[in-house]
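In what follows, a structure is listed as structure tokens, so that the remarks can point back to it.
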Amino acid sequence: MPRATLQSRNGAMSLPPRWRYDHRGLLFGDGIARFRDPAWASAPLPPFPGFVEQPTPQSPLPTPWTVRPAFTDHGGERIVRVEIAPGTSLYGTGEQAGALIRNGTRKVCWNTDAFGYHDKTRSLYQSHPWVLAVRPDGTAFGVICETTWRCELDLASSDTRAILFRCDGPSPAVTVIEGASPQEVVQRLSVLTGTMPMPPLWALGYQQCRWSYEPADRVRGLAREFRERRIPCDVIWLDIDYMERFRCFTFDPDKFPDPAGLNTDLHAMGFRTVWMIDPGLAADPEYAVYKEGKASGRFVRAKSHERVSSTISDEMAANWGLKWVEAPRDGGDEYYGRVWPGACAFPDFTKKSTRQWWAGLYRNYVATGIDGVWNDMNEPAVFDGPHKTMPTDNFHEADEELGGPGSHARYHNIYGMEMVRATREGIMAAKPDVRPFVLTRANFLGGHRYAATWTGDNQAEWRHLRWSIPMVLNLGLSGQPFSGPDIGGFGNPSTPEMFAVWMGVGALLPFARGHKIKDWDGKPMPDHEPWSFGPIVEETCRRALVRRYRLLPYLYTLFDEASRTGMPICRPAFFADPTDVRLRSVENAFLLGGDVLVVCGLDTLGDLDASPSPMPKGVWREFEIGERGVGAPKDGERDPWLPRMYLRHGAAIALGPAMLHTGEKPMDPITLLASPDDAGVARGTLYEDSGDGYGYTRGEYRRSAFEVKGDATTLVRDRGGVEIVTLA
């Protein structure tokens, strides 16, 4: 029995606790078991929103089940202890900055507006109470702490032989997933939390964003610039300044008088558009959305609490063009918090009726030609709230499927997830023939079912560039395969070299979007487009994006795999061989699927003093992709700012033609890039469908497993030709 002392929140040490064990446990599927604190066994088990459906026990645990959590209460917290063997590597924990390997860290699941975060920031925008543990022999297990309450993931305790979860609220159930490999554990995680639906193909293209592109003519000019400079791009984003006085579902009559016309013009140039919608609705009786929501009781209710100072001063508000709206005097018990419009009410997304109301707001909105929606500020962020969010004693009238009515302390971490759930349902109802695309800042374990994500308000710093890779990798290991950083860094001015290197890395991550803040230190931020840093950087960006677009058949195949199995699109290098402990901490390299290794030079990541990381064992052949050619790179022709790419021995991947956007032309011809094994054979998979709509759910797709040998292939296509390039 473990005898280690426990450290309380104030740092004081205590005597060894009395640990309680669930000696039975229940098996919920192949390698999946659930445990409960015996002291809480008679209490009803609340539903866990992270699961796609609540699991049903199948049988008692098999006798040789080794991972058994222990439970205790300490200092007002519920604590779960899961023992680990020496040499075990820990990963997952969702969205956290810092190193790939999570051993020695202590993070908190509490969705937080964390502008300018760093590796010591305790909590970021999303909560994933999940840890993946990889043993020295390559076998693995994962642990889900089934709580929506504030929860600390303590992987740095004085009790070094354990994972500790410290939770508010009732004692949580704990699900343990065993597997012969980390890949198997991650796939079993998706059995519980669901998989990402297939996105539209255009969402895999490059996307350009700014806080904010305004007015409408500037957006048109930006689109023309991309096409004239022949830089690939699929999407332009519209931040909050398109709205009338920051009121969601409205358009500024002076800056954006004809949103439908703007979208029509952009569509004609091959662009899609994504527009921002926040949860905070201006508490103005003249604002139709608020008036309707108030009349039908859609908003979160307040308990008595003291106001705190706004984190945005009146001077800052004036600089940003904000004109605060004060809270109405007849608000009853509605909660009001200050966000961009001033006093705002917040929809209670824990109620199905509110989600249905919210979903209905999108019908007329997306009828203007909007292609995707960006839900931001949905932790929720509140400028004058305690710790920049709602008071924890606010009240939610949650439905029984989420656990019934309760405090914001209980539902804070799933507020963003329930918002994007409603948003996705609204877009699907308004545009039933196309696949929705939603991006969210806040989310929870399992929320990948509703939205893609990005790594929040990062900074134009080399360390943030380096963290981009492990953040995306750990999100993938936590069930969210569709993520990426703000390329170039959101805050601070970028340098030309940093922007070029970041574009090279970001163009090979699942979600590729450049984004920048509007001003810094009281001055307007310089332009932040690929051509804004001079012709050399522009050419590097063009090469980086040509790589991405030519890789689209392979990337789309990986998205198909993720949608079926839960496997990440970007995978840590140790997935090449989980028994190779040399690879456990590699974070300047990653795998795209199982066949492509991306290696980012440490010198280009701003870390000249670090030693090069090891390569996976075996033969990996370097290749390069150009606008017209593909093959082994020639000496002196590598772009020093771009990562190097390697193809696994015995693998073949499908590449498409260069294009300026995904709708420009068909993926024709397909080029098969092959790295033959010792027998001269290379194998791969290609997934093809229409790129949008739901025909693929009715069998309207082709998933081809093919071989390449010499100048011959078994790949047969309904349309288009096939070319073969072999790496020697």
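Ordering of the structure tokens sets the chain letters (A, B, ...), residue numbers begin anew at 1 in every chain, and ligands are numbered from 1 in the order given.
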**Request:** Just list the residues in range 216-430 of chain A DSSP gives helix (DSSP H, G or I) on the backbone, as a count of residues only.
**Result:** 84
**Request:** If you run DSSP over the backbone, which residues in range 317-547 of chain A end up strand (DSSP E or B)? Put them as a ChimeraX atom specification.
**Result:** /A:325,334,337-339,342-345,347,372-375,395-396,406-407,438-440,443-444,452-454,459,483-484,486-487,491,513-514,519-520,523-524
What does the file look like for those residues with N, CA and C atoms, as a compact mmCIF listing (two decimals), in the first residue's frame?
```txt
# COMPACT_ATOMS: atom_id res chain seq x y z
N VAL A 325 -21.87 48.88 -23.02
CA VAL A 325 -23.30 48.93 -22.70
C VAL A 325 -23.45 48.51 -21.25
N GLU A 334 -30.70 37.33 -14.00
CA GLU A 334 -29.73 37.05 -15.06
C GLU A 334 -28.33 37.47 -14.60
N GLY A 337 -21.95 39.87 -17.31
CA GLY A 337 -20.50 40.04 -17.25
C GLY A 337 -20.05 40.87 -18.44
N ARG A 338 -19.01 41.63 -18.25
CA ARG A 338 -18.55 42.55 -19.30
C ARG A 338 -17.65 41.82 -20.29
N VAL A 339 -18.03 41.89 -21.55
CA VAL A 339 -17.19 41.40 -22.64
C VAL A 339 -17.17 42.52 -23.69
N GLY A 342 -19.83 45.23 -23.73
CA GLY A 342 -20.16 45.77 -22.42
C GLY A 342 -20.86 44.70 -21.62
N ALA A 343 -21.92 45.05 -20.89
CA ALA A 343 -22.65 44.07 -20.10
C ALA A 343 -23.29 43.03 -21.01
N CYS A 344 -23.02 41.76 -20.72
CA CYS A 344 -23.52 40.67 -21.56
C CYS A 344 -24.23 39.62 -20.71
N ALA A 345 -25.24 39.01 -21.29
CA ALA A 345 -25.86 37.81 -20.75
C ALA A 345 -25.30 36.62 -21.52
N PRO A 347 -25.90 32.59 -22.75
CA PRO A 347 -26.84 31.48 -22.88
C PRO A 347 -26.44 30.30 -22.00
N GLY A 372 -18.24 28.71 -42.42
CA GLY A 372 -17.85 28.11 -41.15
C GLY A 372 -17.98 29.13 -40.04
N VAL A 373 -17.96 28.65 -38.80
CA VAL A 373 -18.17 29.50 -37.63
C VAL A 373 -17.05 29.27 -36.63
N TRP A 374 -16.61 30.38 -36.04
CA TRP A 374 -15.54 30.41 -35.05
C TRP A 374 -16.14 30.83 -33.72
N ASN A 375 -16.23 29.90 -32.77
CA ASN A 375 -16.71 30.22 -31.43
C ASN A 375 -15.52 30.53 -30.53
N PHE A 395 -25.74 29.83 -11.65
CA PHE A 395 -26.62 28.66 -11.66
C PHE A 395 -26.99 28.26 -13.09
N HIS A 396 -26.88 26.95 -13.36
CA HIS A 396 -27.27 26.38 -14.66
C HIS A 396 -28.46 25.44 -14.46
N GLY A 406 -27.28 22.72 -11.56
CA GLY A 406 -26.10 22.79 -10.71
C GLY A 406 -25.37 24.10 -10.90
N SER A 407 -24.28 24.23 -10.17
CA SER A 407 -23.51 25.47 -10.15
C SER A 407 -22.58 25.56 -11.35
N VAL A 438 -16.59 24.04 -37.58
CA VAL A 438 -16.63 24.90 -36.39
C VAL A 438 -15.25 24.85 -35.74
N LEU A 439 -14.75 26.01 -35.36
CA LEU A 439 -13.52 26.11 -34.58
C LEU A 439 -13.86 26.67 -33.22
N THR A 440 -13.27 26.10 -32.17
CA THR A 440 -13.55 26.57 -30.82
C THR A 440 -12.26 26.82 -30.06
N ASN A 443 -12.96 23.91 -24.81
CA ASN A 443 -13.54 22.60 -25.07
C ASN A 443 -13.24 21.69 -23.90
N PHE A 444 -13.69 20.45 -24.02
CA PHE A 444 -13.54 19.45 -22.97
C PHE A 444 -13.28 18.11 -23.64
N ALA A 452 -13.15 21.64 -34.36
CA ALA A 452 -11.69 21.68 -34.38
C ALA A 452 -11.23 22.72 -33.36
N THR A 453 -9.92 22.80 -33.14
CA THR A 453 -9.43 23.77 -32.18
C THR A 453 -8.08 24.31 -32.60
N TRP A 454 -7.70 25.41 -31.97
CA TRP A 454 -6.34 25.91 -32.12
C TRP A 454 -5.76 26.13 -30.73
N GLN A 459 2.16 33.61 -28.58
CA GLN A 459 2.98 34.80 -28.79
C GLN A 459 4.01 34.55 -29.87
N SER A 483 -6.13 20.12 -34.92
CA SER A 483 -5.67 21.29 -34.18
C SER A 483 -4.42 21.86 -34.81
N GLY A 484 -4.08 23.08 -34.41
CA GLY A 484 -2.87 23.74 -34.88
C GLY A 484 -2.73 25.08 -34.16
N ASP A 486 -1.72 29.38 -33.96
CA ASP A 486 -1.71 30.60 -34.77
C ASP A 486 -0.32 30.74 -35.38
N ILE A 487 -0.22 30.52 -36.69
CA ILE A 487 1.07 30.57 -37.36
C ILE A 487 1.64 31.97 -37.29
N GLY A 491 0.24 37.27 -30.50
CA GLY A 491 0.72 38.49 -29.87
C GLY A 491 2.17 38.76 -30.24
N ARG A 513 -3.48 27.87 -39.94
CA ARG A 513 -4.06 29.20 -40.02
C ARG A 513 -3.07 30.24 -39.52
N GLY A 514 -2.84 31.29 -40.30
CA GLY A 514 -2.09 32.44 -39.83
C GLY A 514 -3.04 33.42 -39.17
N ASP A 519 -3.30 45.23 -32.46
CA ASP A 519 -2.29 46.21 -32.09
C ASP A 519 -1.47 45.69 -30.92
N TRP A 520 -0.36 46.39 -30.66
CA TRP A 520 0.56 45.95 -29.61
C TRP A 520 1.25 47.18 -29.04
N LYS A 523 0.16 50.47 -30.44
CA LYS A 523 0.39 50.79 -31.84
C LYS A 523 -0.21 49.69 -32.72
N PRO A 524 -0.67 50.05 -33.92
CA PRO A 524 -1.19 49.02 -34.82
C PRO A 524 -0.12 47.98 -35.15
```
**Asked** Do you know which residues are at most 12 Å from Val219 in chain A counting only C-alpha atoms, after dropping those on the same chain fewer than 2 positions away, and could you put them as a PyMOL selection string?
**Response** chain A and resi 208-210+212-217+221-226+235-239+242+255-256+259+262-263+265-266+269+271-273
May I have the residues from that selection written out with N, CA and C atoms, as a short mmCIF file (atom, residue, chain, number, x, y, z; two decimals), in the first residue's frame?
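Final output, selection.cif:
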```
data_model
loop_
_atom_site.label_atom_id
_atom_site.label_comp_id
_atom_site.auth_asym_id
_atom_site.auth_seq_id
_atom_site.Cartn_x
_atom_site.Cartn_y
_atom_site.Cartn_z
N GLN A 208 -6.34 32.23 -43.64
CA GLN A 208 -5.74 33.52 -43.27
C GLN A 208 -6.70 34.30 -42.39
N CYS A 209 -6.18 34.76 -41.24
CA CYS A 209 -7.01 35.44 -40.26
C CYS A 209 -6.28 36.65 -39.70
N ARG A 210 -7.04 37.60 -39.17
CA ARG A 210 -6.49 38.79 -38.53
C ARG A 210 -7.57 39.37 -37.62
N SER A 212 -8.50 42.72 -37.00
CA SER A 212 -9.53 42.17 -37.86
C SER A 212 -9.29 42.69 -39.28
N TYR A 213 -9.74 41.90 -40.27
CA TYR A 213 -9.77 42.39 -41.64
C TYR A 213 -11.07 43.19 -41.82
N GLU A 214 -10.94 44.48 -42.02
CA GLU A 214 -12.09 45.37 -42.18
C GLU A 214 -11.66 46.60 -42.98
N PRO A 215 -12.58 47.21 -43.74
CA PRO A 215 -13.95 46.80 -44.05
C PRO A 215 -13.97 45.71 -45.12
N ALA A 216 -15.15 45.55 -45.74
CA ALA A 216 -15.33 44.47 -46.71
C ALA A 216 -14.37 44.59 -47.89
N ASP A 217 -14.10 45.80 -48.33
CA ASP A 217 -13.21 45.97 -49.48
C ASP A 217 -11.79 45.52 -49.16
N GLY A 221 -9.64 42.78 -51.24
CA GLY A 221 -8.27 43.05 -51.67
C GLY A 221 -7.31 41.99 -51.19
N LEU A 222 -7.51 41.51 -49.98
CA LEU A 222 -6.67 40.43 -49.46
C LEU A 222 -6.80 39.18 -50.32
N ALA A 223 -8.03 38.84 -50.68
CA ALA A 223 -8.26 37.66 -51.51
C ALA A 223 -7.57 37.80 -52.87
N ARG A 224 -7.70 38.98 -53.48
CA ARG A 224 -7.05 39.19 -54.78
C ARG A 224 -5.53 39.08 -54.66
N GLU A 225 -4.99 39.57 -53.55
CA GLU A 225 -3.53 39.53 -53.36
C GLU A 225 -3.02 38.09 -53.32
N PHE A 226 -3.74 37.22 -52.60
CA PHE A 226 -3.34 35.81 -52.56
C PHE A 226 -3.33 35.21 -53.96
N VAL A 235 -9.27 29.87 -47.17
CA VAL A 235 -10.23 30.46 -46.24
C VAL A 235 -9.75 31.82 -45.76
N ILE A 236 -10.66 32.78 -45.68
CA ILE A 236 -10.43 34.06 -45.02
C ILE A 236 -11.39 34.15 -43.85
N TRP A 237 -10.85 34.61 -42.72
CA TRP A 237 -11.61 34.66 -41.46
C TRP A 237 -12.00 36.09 -41.14
N LEU A 238 -13.17 36.24 -40.51
CA LEU A 238 -13.69 37.54 -40.09
C LEU A 238 -13.84 37.55 -38.58
N ASP A 239 -13.05 38.42 -37.93
CA ASP A 239 -13.07 38.56 -36.47
C ASP A 239 -14.17 39.53 -36.05
N TYR A 242 -16.49 42.76 -37.71
CA TYR A 242 -17.51 42.77 -38.76
C TYR A 242 -18.89 43.04 -38.18
N LYS A 255 -19.28 49.07 -42.43
CA LYS A 255 -18.09 48.31 -42.84
C LYS A 255 -18.45 47.05 -43.63
N PHE A 256 -19.59 46.44 -43.31
CA PHE A 256 -20.00 45.20 -43.99
C PHE A 256 -21.49 45.31 -44.35
N PRO A 259 -23.01 41.45 -46.52
CA PRO A 259 -22.21 40.24 -46.29
C PRO A 259 -22.46 39.16 -47.34
N LEU A 262 -20.37 40.04 -50.30
CA LEU A 262 -18.96 39.76 -50.03
C LEU A 262 -18.66 38.28 -50.15
N ASN A 263 -19.51 37.45 -49.55
CA ASN A 263 -19.28 36.01 -49.64
C ASN A 263 -19.38 35.51 -51.08
N ASP A 265 -18.60 37.21 -53.77
CA ASP A 265 -17.37 37.61 -54.44
C ASP A 265 -16.20 36.71 -54.05
N LEU A 266 -16.11 36.37 -52.78
CA LEU A 266 -15.01 35.52 -52.32
C LEU A 266 -15.15 34.10 -52.87
N MET A 269 -13.76 33.68 -56.22
CA MET A 269 -12.30 33.59 -56.28
C MET A 269 -11.77 32.31 -55.64
N PHE A 271 -12.53 31.19 -52.46
CA PHE A 271 -12.35 31.31 -51.02
C PHE A 271 -13.62 30.92 -50.28
N ARG A 272 -13.43 30.32 -49.13
CA ARG A 272 -14.49 30.13 -48.15
C ARG A 272 -14.30 31.17 -47.03
N THR A 273 -15.35 31.37 -46.24
CA THR A 273 -15.23 32.32 -45.14
C THR A 273 -15.68 31.69 -43.83
#
```
**Message:** Could you list, as a ChimeraX atom specification, every residue within 12 Å of Glu539 in chain A, counting only C-alpha atoms and ignoring same-chain residues fewer than 5 positions away?
**Reply:** /A:229-232,496,500,503-504,530-534,544-546,626-627,639,641-642
Residues from last step as file, N, CA, C and O atoms, as a compact mmCIF listing (two decimals), in the first residue's frame:
```txt
# COMPACT_ATOMS: atom_id res chain seq x y z
N ARG A 229 -0.50 36.72 -56.26
CA ARG A 229 0.84 36.27 -55.86
C ARG A 229 0.99 34.75 -55.96
O ARG A 229 2.05 34.21 -55.68
N ARG A 230 -0.10 34.06 -56.28
CA ARG A 230 -0.11 32.61 -56.46
C ARG A 230 0.38 31.90 -55.19
O ARG A 230 1.21 30.99 -55.23
N ILE A 231 -0.20 32.33 -54.08
CA ILE A 231 0.05 31.67 -52.79
C ILE A 231 -1.22 30.90 -52.42
O ILE A 231 -2.30 31.48 -52.34
N PRO A 232 -1.12 29.60 -52.22
CA PRO A 232 -2.33 28.81 -51.94
C PRO A 232 -3.04 29.27 -50.67
O PRO A 232 -2.42 29.56 -49.65
N PRO A 496 10.88 38.20 -39.61
CA PRO A 496 10.79 37.47 -40.88
C PRO A 496 11.19 36.00 -40.74
O PRO A 496 10.48 35.11 -41.23
N ALA A 500 8.70 32.69 -41.27
CA ALA A 500 9.00 31.69 -42.30
C ALA A 500 9.09 30.29 -41.71
O ALA A 500 8.52 29.32 -42.25
N MET A 503 5.67 29.06 -40.59
CA MET A 503 4.85 28.64 -41.72
C MET A 503 5.26 27.25 -42.17
O MET A 503 4.41 26.41 -42.51
N GLY A 504 6.56 26.97 -42.18
CA GLY A 504 7.02 25.64 -42.58
C GLY A 504 6.49 24.55 -41.67
O GLY A 504 6.08 23.48 -42.13
N PRO A 530 1.75 36.28 -45.77
CA PRO A 530 2.99 35.66 -46.23
C PRO A 530 3.93 36.59 -46.99
O PRO A 530 5.14 36.37 -46.99
N TRP A 531 3.40 37.63 -47.62
CA TRP A 531 4.24 38.55 -48.38
C TRP A 531 4.68 39.76 -47.58
O TRP A 531 5.39 40.62 -48.08
N SER A 532 4.27 39.83 -46.30
CA SER A 532 4.52 41.03 -45.50
C SER A 532 5.95 41.14 -45.01
O SER A 532 6.33 42.18 -44.46
N PHE A 533 6.74 40.09 -45.18
CA PHE A 533 8.09 40.06 -44.62
C PHE A 533 9.17 40.04 -45.69
O PHE A 533 10.32 39.70 -45.43
N GLY A 534 8.79 40.38 -46.91
CA GLY A 534 9.76 40.45 -47.99
C GLY A 534 9.70 39.25 -48.91
O GLY A 534 9.09 38.22 -48.61
N ALA A 544 6.18 26.20 -48.65
CA ALA A 544 5.57 25.46 -47.54
C ALA A 544 4.13 25.09 -47.86
O ALA A 544 3.68 23.97 -47.59
N LEU A 545 3.39 26.02 -48.44
CA LEU A 545 1.98 25.76 -48.72
C LEU A 545 1.80 24.87 -49.95
O LEU A 545 0.83 24.10 -50.02
N VAL A 546 2.70 24.95 -50.91
CA VAL A 546 2.68 23.99 -52.02
C VAL A 546 2.85 22.58 -51.47
O VAL A 546 2.17 21.63 -51.90
N GLY A 626 7.87 19.81 -54.74
CA GLY A 626 7.85 21.13 -55.36
C GLY A 626 6.55 21.36 -56.11
O GLY A 626 5.66 20.49 -56.15
N GLU A 627 6.44 22.51 -56.72
CA GLU A 627 5.22 22.83 -57.44
C GLU A 627 4.99 21.86 -58.59
O GLU A 627 3.85 21.52 -58.90
N ASP A 639 15.39 24.45 -48.70
CA ASP A 639 15.11 25.72 -48.05
C ASP A 639 15.47 25.56 -46.57
O ASP A 639 14.87 24.73 -45.87
N TRP A 641 14.72 27.10 -43.99
CA TRP A 641 13.66 27.42 -43.03
C TRP A 641 12.56 26.37 -43.00
O TRP A 641 11.67 26.45 -42.15
N LEU A 642 12.59 25.40 -43.90
CA LEU A 642 11.52 24.41 -43.95
C LEU A 642 11.95 23.11 -43.29
O LEU A 642 13.12 22.70 -43.39
```
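Across A:Ser59, A:Ser157, A:Ser190, A:Gln96, the tightest approach to Ser563 in chain A is made by A:Ser190 when counting only C-alpha atoms.
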**Message:** Restricting the calculation to only C-alpha atoms: of A:Phe499, A:Tyr646, A:Trp202, A:Tyr117, which residue gets closest to Trp467 in chain A?
**Reply:**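 Nearest to Trp467 in chain A: A:Tyr117.
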